[in-house]
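Below: final-v4.txt (compact mmCIF, C-alpha atoms)
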# COMPACT_ATOMS: atom_id res chain seq x y z
CA MET E 10 41.60 -22.79 18.15
CA LYS E 11 41.25 -21.72 14.49
CA LYS E 12 38.02 -23.70 14.20
CA LEU E 13 36.64 -21.96 17.30
CA ILE E 14 37.51 -18.50 15.94
CA LYS E 15 35.93 -19.41 12.61
CA ALA E 16 32.72 -20.56 14.33
CA VAL E 17 32.51 -17.34 16.36
CA LEU E 18 32.97 -15.24 13.21
CA ILE E 19 30.18 -17.14 11.43
CA ILE E 20 27.81 -16.53 14.35
CA LEU E 21 28.65 -12.81 14.36
CA VAL E 22 27.96 -12.55 10.61
CA ILE E 23 24.57 -14.25 11.02
CA GLU E 24 23.62 -11.95 13.92
CA LEU E 25 24.61 -8.84 11.95
CA ALA E 26 22.59 -10.00 8.95
CA SER E 27 19.53 -10.58 11.14
CA MET E 28 19.83 -7.12 12.71
CA SER E 29 20.17 -5.53 9.27
CA CYS E 30 16.96 -7.20 8.09
CA LEU E 31 15.12 -6.02 11.19
CA ILE E 32 16.30 -2.43 10.72
CA LEU E 33 15.28 -2.46 7.06
CA TYR E 34 11.87 -3.85 7.95
CA PHE E 35 11.05 -1.09 10.44
CA ALA E 36 12.49 1.58 8.16
CA TYR E 37 10.67 0.48 4.99
CA GLY E 38 7.56 -1.38 6.19
CA ALA E 39 5.13 -1.96 3.31
CA GLN E 40 2.21 0.44 3.00
CA GLY E 41 -1.22 -1.01 3.71
CA ASN E 42 -3.76 0.87 1.60
CA GLY E 43 -6.24 -0.61 -0.87
CA ASP E 44 -5.47 -3.83 -2.77
CA VAL E 45 -1.87 -4.73 -1.99
CA TYR E 46 0.12 -7.88 -2.68
CA TYR E 47 3.16 -8.56 -0.50
CA GLU E 48 6.25 -10.59 -1.20
CA ALA E 49 6.16 -13.74 0.94
CA TYR E 50 8.89 -14.18 3.56
CA HIS E 51 8.85 -17.98 3.58
CA GLU E 52 12.65 -18.29 3.62
CA THR E 53 12.92 -16.85 7.14
CA ASP E 54 14.69 -19.12 9.62
CA ILE E 55 12.29 -21.61 11.17
CA ALA E 56 13.24 -20.42 14.67
CA THR E 57 11.39 -17.15 14.00
CA LYS E 58 8.12 -18.89 13.20
CA PRO E 59 5.38 -19.88 15.63
CA ALA E 60 5.68 -23.48 16.69
CA ALA E 61 2.66 -25.72 16.17
CA GLN E 62 1.28 -27.36 19.30
CA ASP E 63 -1.63 -29.73 19.86
CA LYS E 64 -3.13 -27.61 22.62
CA ARG E 65 -2.53 -23.92 23.25
CA THR E 66 -3.71 -21.67 26.02
CA TYR E 67 -3.76 -18.62 23.73
CA ASN E 68 -4.67 -18.36 20.06
CA ILE E 69 -3.26 -14.82 19.78
CA GLU E 70 0.17 -13.93 21.15
CA ALA E 71 1.47 -10.42 20.48
CA GLU E 72 4.50 -8.32 21.35
CA VAL E 73 3.73 -4.60 21.14
CA GLU E 74 6.33 -1.84 21.27
CA VAL E 75 5.28 1.81 21.38
CA ALA E 76 7.64 4.65 20.53
CA GLY E 77 6.32 8.11 19.75
CA ASN E 78 3.52 7.86 17.22
CA LYS E 79 4.48 4.35 16.10
CA ILE E 80 3.09 1.08 17.37
CA ARG E 81 5.06 -1.98 16.27
CA VAL E 82 3.48 -5.39 16.63
CA THR E 83 4.78 -8.91 16.14
CA GLU E 84 1.85 -11.30 16.40
CA ASP E 85 1.43 -15.07 16.30
CA ILE E 86 -2.03 -16.32 15.38
CA PHE E 87 -2.99 -19.96 15.89
CA PHE E 88 -5.91 -21.78 14.28
CA ASP E 89 -7.90 -24.84 15.35
CA THR E 90 -7.16 -26.72 12.12
CA ARG E 91 -4.53 -26.63 9.40
CA LYS E 92 -5.49 -24.67 6.29
CA ASP E 93 -3.75 -23.63 3.08
CA LYS E 94 -5.67 -20.33 3.03
CA LEU E 95 -5.85 -18.13 6.12
CA GLU E 96 -8.32 -15.23 6.28
CA LEU E 97 -7.71 -12.47 8.80
CA TYR E 98 -9.09 -9.09 9.82
CA ILE E 99 -6.97 -5.94 10.11
CA PRO E 100 -9.32 -3.85 12.30
CA SER E 101 -6.72 -1.12 12.82
CA ALA E 102 -7.09 -0.18 9.14
CA ASN E 103 -10.40 1.50 10.02
CA ALA E 104 -8.78 3.90 12.45
CA ALA E 105 -5.11 4.32 11.53
CA GLU E 106 -2.57 3.76 8.80
CA THR E 107 -1.40 0.15 9.10
CA LYS E 108 1.73 -1.16 7.36
CA ILE E 109 2.15 -4.91 7.00
CA GLY E 110 5.73 -6.15 7.15
CA GLN E 111 6.77 -9.80 7.38
CA VAL E 112 4.35 -12.70 7.09
CA VAL E 113 5.85 -16.12 7.88
CA SER E 114 4.58 -19.63 8.51
CA ASP E 115 5.91 -23.18 8.59
CA GLY E 116 3.34 -23.81 5.86
CA LYS E 117 5.48 -21.60 3.57
CA VAL E 118 3.72 -18.40 2.56
CA THR E 119 3.26 -18.10 -1.21
CA LYS E 120 1.11 -14.96 -1.41
CA VAL E 121 -0.37 -12.32 0.89
CA ALA E 122 -3.29 -10.30 -0.48
CA ARG E 123 -4.85 -7.39 1.32
CA GLN E 124 -7.97 -5.40 0.61
CA GLU E 125 -8.33 -2.60 3.15
CA ALA E 126 -9.19 -4.33 6.46
CA LEU E 127 -9.12 -7.91 5.13
CA MET E 128 -6.05 -10.11 4.60
CA GLU E 129 -5.76 -13.45 2.83
CA ILE E 130 -2.64 -15.60 3.20
CA GLN E 131 -1.94 -18.47 0.81
CA LEU E 132 0.27 -21.32 2.06
CA GLU E 133 2.10 -23.95 0.05
CA ASN E 134 1.24 -26.51 2.72
CA ALA E 135 -1.73 -26.45 5.07
CA TRP E 136 -0.70 -25.14 8.50
CA ASP E 137 -2.28 -23.89 11.71
CA SER E 138 -0.26 -20.78 12.56
CA VAL E 139 1.19 -17.60 11.10
CA ARG E 140 3.41 -14.77 12.35
CA ILE E 141 2.77 -11.22 11.17
CA SER E 142 4.84 -8.11 11.87
CA TYR E 143 3.18 -4.76 11.30
CA GLU E 144 3.25 -1.09 12.24
CA ILE E 145 0.34 1.18 13.17
CA LEU E 146 0.51 4.98 12.92
CA PRO E 147 -2.27 6.36 15.14
CA GLY E 148 -3.90 9.76 14.90
CA SER E 149 -4.09 12.28 17.74
CA THR E 150 -7.89 12.56 18.05
CA GLY E 151 -11.16 11.20 16.81
CA SER E 152 -10.56 7.53 16.11
CA THR E 153 -10.27 4.65 18.56
CA ILE E 154 -6.52 4.24 18.01
CA ILE E 155 -5.00 7.41 19.40
CA TYR E 156 -1.61 8.77 20.44
CA LYS E 157 -2.04 12.07 22.27
CA ASP E 158 0.15 13.93 24.76
CA GLY E 159 2.32 10.86 25.23
CA ASP E 160 -0.62 8.54 26.00
CA TYR E 161 -1.89 5.64 23.90
CA TYR E 162 -5.48 4.47 23.42
CA LEU E 163 -5.30 1.17 21.54
CA THR E 164 -8.52 -0.57 20.56
CA ASN E 165 -9.46 -2.84 17.65
CA PHE E 166 -5.76 -2.84 16.84
CA LEU E 167 -4.63 -6.49 16.80
CA ILE E 168 -5.07 -8.66 13.72
CA THR E 169 -7.63 -11.41 14.36
CA PRO E 170 -8.92 -14.55 12.61
CA ALA E 171 -11.92 -14.14 10.35
CA VAL E 172 -15.33 -15.22 11.61
CA TYR E 173 -17.04 -17.98 9.62
CA LYS E 174 -20.79 -18.31 9.15
CA ASP E 175 -22.28 -21.30 7.32
CA GLY E 176 -18.77 -22.35 6.33
CA LYS E 177 -17.89 -19.03 4.69
CA PRO E 178 -15.84 -16.12 6.08
CA VAL E 179 -17.71 -12.97 7.05
CA HIS E 180 -15.97 -10.24 5.07
CA THR E 181 -15.20 -7.05 6.91
CA ILE E 182 -15.15 -3.60 5.32
CA LYS E 183 -13.62 -0.20 5.88
CA LYS E 184 -16.31 2.32 6.88
CA GLY E 185 -16.23 5.89 8.16
CA PHE E 186 -19.02 5.29 10.68
CA GLY E 187 -20.52 2.39 12.56
CA ASP E 188 -18.57 -0.53 14.00
CA PRO E 189 -17.12 -2.55 11.09
CA TYR E 190 -15.86 -5.33 13.35
CA ILE E 191 -16.78 -8.89 14.24
CA TYR E 192 -14.91 -11.27 16.53
CA GLU E 193 -15.14 -14.81 17.73
CA ILE E 194 -13.98 -15.45 21.28
CA ASN E 195 -10.18 -15.25 21.53
CA ASN E 196 -7.55 -15.96 24.18
CA TYR E 197 -4.78 -13.35 24.28
CA HIS E 198 -1.21 -13.18 25.57
CA VAL E 199 -0.04 -9.61 24.93
CA THR E 200 3.22 -7.97 25.99
CA PHE E 201 3.84 -4.22 25.86
CA LYS E 202 7.26 -2.56 25.83
CA THR E 203 6.87 1.05 26.93
CA GLU E 204 8.64 3.90 28.65
CA ASN E 205 8.74 3.49 32.43
CA HIS E 206 6.32 6.32 33.23
CA LEU E 207 3.43 4.76 31.30
CA LYS E 208 0.90 2.61 33.14
CA ALA E 209 -0.90 -0.09 31.14
CA TYR E 210 -4.57 -1.00 31.62
CA ALA E 211 -6.11 -3.92 29.73
CA PRO E 212 -8.19 -7.08 30.28
CA GLY E 213 -6.82 -10.14 32.05
CA GLY E 214 -4.07 -10.98 34.49
CA LYS E 215 -1.16 -8.54 34.56
CA LYS E 216 2.59 -8.76 35.22
CA GLU E 217 5.13 -5.92 35.15
CA GLN E 218 8.91 -5.86 34.85
CA THR E 219 10.84 -2.61 34.94
CA SER E 220 14.42 -1.90 33.91
CA ASP E 221 16.37 1.36 33.81
CA ASP E 222 15.33 1.98 30.21
CA TYR E 223 11.85 0.54 29.71
CA LYS E 224 8.92 -1.36 31.18
CA ILE E 225 7.53 -4.73 30.08
CA THR E 226 3.85 -5.34 30.90
CA THR E 227 2.21 -8.66 30.06
CA PHE E 228 -1.51 -9.45 29.99
CA GLU E 229 -3.17 -12.84 29.74
CA ALA E 230 -6.89 -12.65 28.92
CA SER E 231 -9.26 -15.49 28.05
CA ASN E 232 -12.75 -15.65 26.55
CA ILE E 233 -12.86 -12.11 25.18
CA ARG E 234 -13.39 -10.81 21.66
CA ASP E 235 -11.13 -7.83 20.98
CA PHE E 236 -8.19 -6.76 23.15
CA PRO E 237 -8.23 -3.06 24.18
CA ALA E 238 -5.41 -1.33 26.05
CA VAL E 239 -4.70 2.11 27.46
CA LEU E 240 -1.09 3.17 28.10
CA ILE E 241 -1.29 6.37 30.08
CA ALA E 242 0.66 8.46 32.58
CA GLY E 243 -0.62 10.45 35.55
CA ALA E 244 -4.24 9.31 35.31
CA ASP E 245 -6.80 9.72 38.07
CA VAL E 246 -7.69 6.07 38.65
CA HIS E 247 -10.47 5.12 41.04
CA SER E 248 -11.19 1.43 41.69
CA GLU E 249 -14.00 -0.17 43.64
CA LYS E 250 -15.72 -3.51 43.99
CA LEU E 251 -19.22 -4.34 42.73
CA GLY E 252 -19.99 -7.89 43.75
CA ASN E 253 -17.10 -9.94 42.39
CA VAL E 254 -16.13 -7.37 39.75
CA ASN E 255 -13.37 -4.78 40.09
CA LEU E 256 -14.51 -1.52 38.49
CA HIS E 257 -11.72 0.83 37.38
CA PHE E 258 -12.51 4.43 36.46
CA ILE E 259 -9.70 6.11 34.52
CA ASN E 260 -10.30 9.88 34.61
CA SER E 261 -13.99 8.98 34.68
CA ARG E 262 -15.14 8.60 38.27
CA GLU E 263 -18.20 10.81 37.57
CA ALA E 264 -19.66 7.87 35.61
CA GLY E 265 -19.44 5.57 38.63
CA GLU E 266 -23.08 5.46 39.73
CA HIS E 267 -24.39 5.07 36.19
CA VAL E 268 -22.00 2.21 35.47
CA LYS E 269 -23.01 0.40 38.65
CA GLU E 270 -26.71 0.85 37.86
CA ALA E 271 -26.23 -0.64 34.39
CA PHE E 272 -24.19 -3.54 35.79
CA SER E 273 -26.83 -4.34 38.38
CA PHE E 274 -29.61 -4.20 35.78
CA ALA E 275 -27.77 -6.46 33.33
CA THR E 276 -26.76 -8.96 36.00
CA ALA E 277 -30.34 -9.25 37.25
CA ASN E 278 -32.05 -9.39 33.85
CA ILE E 279 -29.52 -11.03 31.50
CA GLY E 280 -26.78 -12.89 33.37
CA GLU E 281 -23.57 -12.62 35.36
CA TYR E 282 -20.54 -10.64 34.18
CA PRO E 283 -18.00 -13.48 33.86
CA TYR E 284 -14.78 -11.45 34.20
CA ASP E 285 -12.82 -10.03 37.12
CA ASP E 286 -12.33 -6.46 35.88
CA PHE E 287 -14.06 -3.70 33.95
CA TYR E 288 -12.52 -0.40 32.81
CA VAL E 289 -14.24 2.93 32.16
CA VAL E 290 -11.97 5.37 30.33
CA LYS E 291 -12.46 9.02 29.46
CA ALA E 292 -10.85 9.05 26.01
CA PRO E 293 -10.40 11.74 23.32
CA ILE E 294 -12.76 10.12 20.81
CA SER E 295 -15.08 11.98 18.42
CA ILE E 296 -18.14 9.80 19.10
CA SER E 297 -19.96 9.78 22.45
CA GLY E 298 -18.84 6.34 23.55
CA MET E 299 -17.50 3.02 22.37
CA GLU E 300 -17.50 -0.52 23.73
CA PHE E 301 -14.69 -3.07 23.80
CA SER E 302 -14.09 -6.28 25.68
CA ASN E 303 -13.98 -5.48 29.42
CA MET E 304 -13.61 -1.75 28.66
CA ILE E 305 -15.57 1.25 27.43
CA PHE E 306 -14.50 4.69 26.20
CA ILE E 307 -16.56 7.78 26.98
CA SER E 308 -15.80 11.07 25.26
CA PRO E 309 -15.05 14.25 27.26
CA ASP E 310 -18.17 15.90 25.76
CA SER E 311 -20.36 13.20 27.28
CA PHE E 312 -19.38 14.38 30.77
CA SER E 313 -20.90 17.82 30.13
CA SER E 314 -24.43 16.65 30.97
CA SER E 315 -25.48 14.24 33.71
CA ALA E 316 -28.38 12.93 31.62
CA ARG E 317 -26.15 12.37 28.61
CA LEU E 318 -23.46 10.70 30.71
CA LYS E 319 -26.07 8.37 32.18
CA ARG E 320 -27.45 7.33 28.79
CA ILE E 321 -24.01 6.80 27.24
CA SER E 322 -22.76 4.87 30.27
CA TYR E 323 -25.82 2.62 30.23
CA HIS E 324 -25.52 1.96 26.50
CA GLU E 325 -21.81 1.09 26.51
CA VAL E 326 -21.99 -1.02 29.67
CA LEU E 327 -24.89 -3.05 28.26
CA HIS E 328 -22.77 -3.77 25.20
CA GLN E 329 -20.63 -5.90 27.52
CA TRP E 330 -23.51 -8.38 27.42
CA PHE E 331 -24.60 -7.93 23.78
CA TYR E 332 -21.37 -7.71 21.80
CA GLY E 333 -18.93 -8.91 24.45
CA ILE E 334 -20.34 -11.92 26.29
CA ILE E 335 -22.92 -12.68 23.59
CA GLY E 336 -21.38 -11.81 20.25
CA THR E 337 -23.18 -9.84 17.54
CA ASP E 338 -22.56 -9.24 13.85
CA GLN E 339 -21.88 -5.51 13.69
CA LEU E 340 -21.11 -5.73 9.96
CA ASN E 341 -24.30 -7.31 8.67
CA GLU E 342 -26.71 -6.74 11.56
CA PRO E 343 -25.85 -3.39 13.16
CA PHE E 344 -29.55 -2.89 13.93
CA PHE E 345 -29.46 -5.92 16.23
CA ASP E 346 -26.15 -4.97 17.86
CA GLU E 347 -27.17 -1.36 18.55
CA GLY E 348 -30.96 -1.49 18.68
CA LEU E 349 -31.35 -3.97 21.52
CA VAL E 350 -28.73 -2.24 23.67
CA ASP E 351 -30.13 1.21 22.90
CA TYR E 352 -33.60 0.08 23.93
CA LEU E 353 -32.37 -1.43 27.20
CA ALA E 354 -30.46 1.79 27.97
CA ALA E 355 -33.58 3.87 27.25
CA TYR E 356 -35.73 1.61 29.42
CA LEU E 357 -33.27 1.77 32.29
CA SER E 358 -33.04 5.57 32.10
CA ASN E 359 -36.84 6.00 31.72
CA SER E 360 -36.31 7.71 28.37
CA LYS E 361 -39.09 7.89 25.83
CA VAL E 362 -38.68 5.50 22.90
CA LYS E 363 -39.82 6.63 19.46
CA GLU E 364 -42.75 4.86 17.86
CA TRP E 365 -41.71 2.07 15.51
CA LYS E 366 -42.48 3.14 11.94
CA ASN E 367 -42.18 -0.39 10.53
CA ARG E 368 -39.37 0.71 8.23
CA ASP E 369 -36.77 -1.74 6.97
CA PHE E 370 -33.89 -1.26 9.39
CA LYS E 371 -32.37 -4.68 8.63
CA LYS E 372 -29.53 -3.35 6.51
CA PRO E 373 -25.85 -4.33 6.57
CA LEU E 374 -23.43 -1.57 7.47
CA LYS E 375 -22.13 -1.28 3.91
CA ASP E 376 -25.58 -0.25 2.62
CA TYR E 377 -25.98 2.81 4.84
CA ASN E 378 -25.44 5.97 2.80
CA SER E 379 -24.83 8.37 5.68
CA LYS E 380 -24.18 8.55 9.38
CA SER E 381 -27.58 10.13 9.98
CA GLU E 382 -29.35 7.25 8.20
CA TYR E 383 -27.30 4.79 10.23
CA TYR E 384 -28.32 6.34 13.55
CA GLU E 385 -31.95 6.79 12.49
CA LEU E 386 -32.40 3.14 11.53
CA ALA E 387 -29.79 1.10 13.42
CA TYR E 388 -30.37 2.92 16.71
CA TYR E 389 -33.73 4.67 16.89
CA ASP E 390 -35.98 2.55 14.67
CA SER E 391 -34.55 -0.75 15.85
CA SER E 392 -34.75 0.44 19.47
CA ALA E 393 -38.46 1.10 18.89
CA TYR E 394 -38.80 -2.40 17.41
CA PHE E 395 -37.36 -4.02 20.54
CA HIS E 396 -39.70 -1.85 22.61
CA THR E 397 -42.65 -3.46 20.79
CA ILE E 398 -41.18 -6.90 21.50
CA HIS E 399 -40.96 -6.03 25.20
CA GLN E 400 -44.56 -4.79 25.19
CA LYS E 401 -45.72 -7.98 23.50
CA LEU E 402 -43.84 -10.37 25.79
CA GLY E 403 -44.07 -8.49 29.07
CA ASN E 404 -41.78 -10.00 31.70
CA ASN E 405 -41.10 -12.93 29.36
CA PHE E 406 -38.85 -10.48 27.53
CA TYR E 407 -36.28 -10.96 30.29
CA ARG E 408 -36.78 -14.73 30.17
CA VAL E 409 -35.76 -14.49 26.51
CA LEU E 410 -32.62 -12.52 27.42
CA LYS E 411 -31.68 -14.99 30.17
CA ASP E 412 -32.26 -18.00 27.91
CA ILE E 413 -30.08 -16.41 25.25
CA TYR E 414 -27.36 -15.68 27.80
CA ASN E 415 -27.31 -19.30 28.98
CA ASP E 416 -27.30 -20.73 25.45
CA TRP E 417 -25.12 -18.21 23.59
CA LYS E 418 -22.52 -16.99 26.06
CA PHE E 419 -19.13 -16.78 24.27
CA LYS E 420 -20.78 -17.44 20.88
CA ILE E 421 -22.18 -15.15 18.17
CA LEU E 422 -25.95 -14.61 18.18
CA TYR E 423 -27.60 -13.61 14.91
CA PHE E 424 -30.99 -11.93 14.56
CA ASP E 425 -32.64 -15.09 13.20
CA ASP E 426 -31.57 -16.89 16.37
CA PHE E 427 -33.04 -14.11 18.52
CA GLN E 428 -36.38 -14.35 16.71
CA LYS E 429 -36.58 -18.07 17.44
CA TYR E 430 -36.41 -17.34 21.16
CA VAL E 431 -39.07 -14.65 20.88
CA SER E 432 -41.39 -17.04 19.05
CA LYS E 433 -41.30 -19.46 22.02
CA TYR E 434 -43.26 -16.97 24.13

Do you think you could lay out the structure here as structure tokens?
Amino acid sequence: MKKLIKAVLIILVIELASMSCLILYFAYGAQGNGDVYYEAYHETDIATKPAAQDKRTYNIEAEVEVAGNKIRVTEDIFFDTRKDKLELYIPSANAAETKIGQVVSDGKVTKVARQEALMEIQLENAWDSVRISYEILPGSTGSTIIYKDGDYYLTNFLITPAVYKDGKPVHTIKKGFGDPYIYEINNYHVTFKTENHLKAYAPGGKKEQTSDDYKITTFEASNIRDFPAVLIAGADVHSEKLGNVNLHFINSREAGEHVKEAFSFATANIGEYPYDDFYVVKAPISISGMEFSNMIFISPDSFSSSARLKRISYHEVLHQWFYGIIGTDQLNEPFFDEGLVDYLAAYLSNSKVKEWKNRDFKKPLKDYNSKSEYYELAYYDSSAYFHTIHQKLGNNFYRVLKDIYNDWKFKILYFDDFQKYVSKY
């Protein structure tokens, strides 16, 4: 009997110690600004670490809890091979304050270095997984990570593995304009813990469990790049079918016809939309629109004019093909990411395209000095360039797009690759 009592007391002490650590972590999470070096948490009990498996359905598994203006995330990231140095992106750092807490791995973390939106984890032993706990403090307007009036707009918020090109990681940056993001295809298992009145919308299959105190919503999404989510109450949601795709308009049903026109154009001239659902969200962002995997945001101002709403809807929907299905390098080739889509949107809306001035628009995002220069070159000049390509190729232009779709679906297409297809015709 004494041995049993002693064992119970030991278990209680361990549980209390664990709870104390958790409370301290959330109360004093490390700041995430600039160059920061974090103490490694490699002594954490092995049961808290992600288990290595030969084959996994998901390479990113995250538990997300929202409470007021705080978003707490515990995320497991799995890699194809074991490495002693893991490079990761922190995309949320571009839109919100992000505090990194614990970083643990069976490979034993020796150092965690962070420079703005980039994280490097050194391991004592090569391993293929890491667990990261972090906290995001969203703003109320403007950015693409927003907490406003009790609703959450969460995009580019999960930490993701770095993209490699020619054996080297593509380094991301923090930038006040443009889209400083790049993603390989990922498979996500994401669970949200929210108040009961919030309804969650995100890519993939969905399951809900509700208790008296909170709601658990789980999404499983495969073959997408980023993972966007909207947690919102009392929304006007209109859903309809277009072919095999479920279109969901969240406070945005006025965009319906434009979205369907863009979908039909892209399906006919590029390739099929390979997902079950697509979400159109009116969101309190400062830019006109923004694309994510299986979802777009459109600003309230864009609904003030039918012509503007049409152009923005076309542009963001077409990004589902060039950015989403066929990946692009928004960091080093924003002209390719934006220019091609902007031209297709202009063509579809019968808008006049500016004459190409043969200026050098092939600049990485980091080299743009202002937002106006970025839009002038990455959008307008590059759009004019793709117009000249269309004029030169005629209907073979769409053969190029279809060939690219068939060869590069779920991969990243770079501008040099695009030019090789053009040269065939």

Selected residue of minimal separation from Ile398 in chain E among E:Gln428, E:Asn68, E:Thr90, E:Gln218, counting all atoms listed in the file: E:Gln428

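Between Val112 in chain E and the candidates E:Ser313, E:Ser248, E:Ser308, E:Ser138, the tightest atom-to-atom separation, counting only C-alpha atoms, involves E:Ser138.
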
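With all atoms listed in the file taken into account, the protein and nucleic acid residues at most 12 Å from Pro373 in chain E (excluding it and anything under 6 positions from it in its own chain) are Val179, His180, Thr181, Ile182, Lys184, Gly187, Asp188, Pro189, Asp338, Gln339, Leu340, Asn341, Glu342, Pro343, Phe344, Phe345, Asp346, Tyr383, Leu386 and Ala387 of chain E.
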
Which polymer residues, whether protein, DNA or RNA, lie within 12 Å of the coordinate (0.7, 2.4, 25.4) when you count all atoms listed in the file? List them as a PyMOL selection string, using the chain letters and numbers from the file. chain E and resi 73-81+147+154-164+166+200-211+224-226+237-242

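The smallest atom-to-atom distance between Gly185 in chain E and any of E:Leu353, E:Val254, E:Leu374, E:Val199, using only C-alpha atoms, is found for E:Leu374.
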
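Straight-line separation from CA of Lys120 in chain E to CA of Glu133 in chain E: 9.2 Å.
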
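Minimum distance to Val82 in chain E across E:Met304, E:Ile109, E:Ile233, E:Ile130 (counting only C-alpha atoms) occurs at E:Ile109.
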
Residue list as a PyMOL selection string for point (-21.7, 7.8, 26.1), cut-off 12 Å, all atoms listed in the file: chain E and resi 261+264+267-268+289-292+294-300+305-328+351+354

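Minimum atom-to-atom distances from E:Asn134, E:Asn405, E:Ser391, E:Thr337 to Phe424 in chain E were compared using all atoms listed in the file, and the lowest value belongs to E:Thr337.
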
Axis-aligned box for all listed atoms of range 131-146 of chain E, 8 Å per side, centre and edges in Å to one decimal, as JSON:
{"center_x": 1.3, "center_y": -10.8, "center_z": 6.6, "size_x": 23.1, "size_y": 47.5, "size_z": 29.1}

Point-to-point distance from CA of Arg234 in chain E to CA of Glu193 in chain E, Å rounded to tenths: 5.9 Å
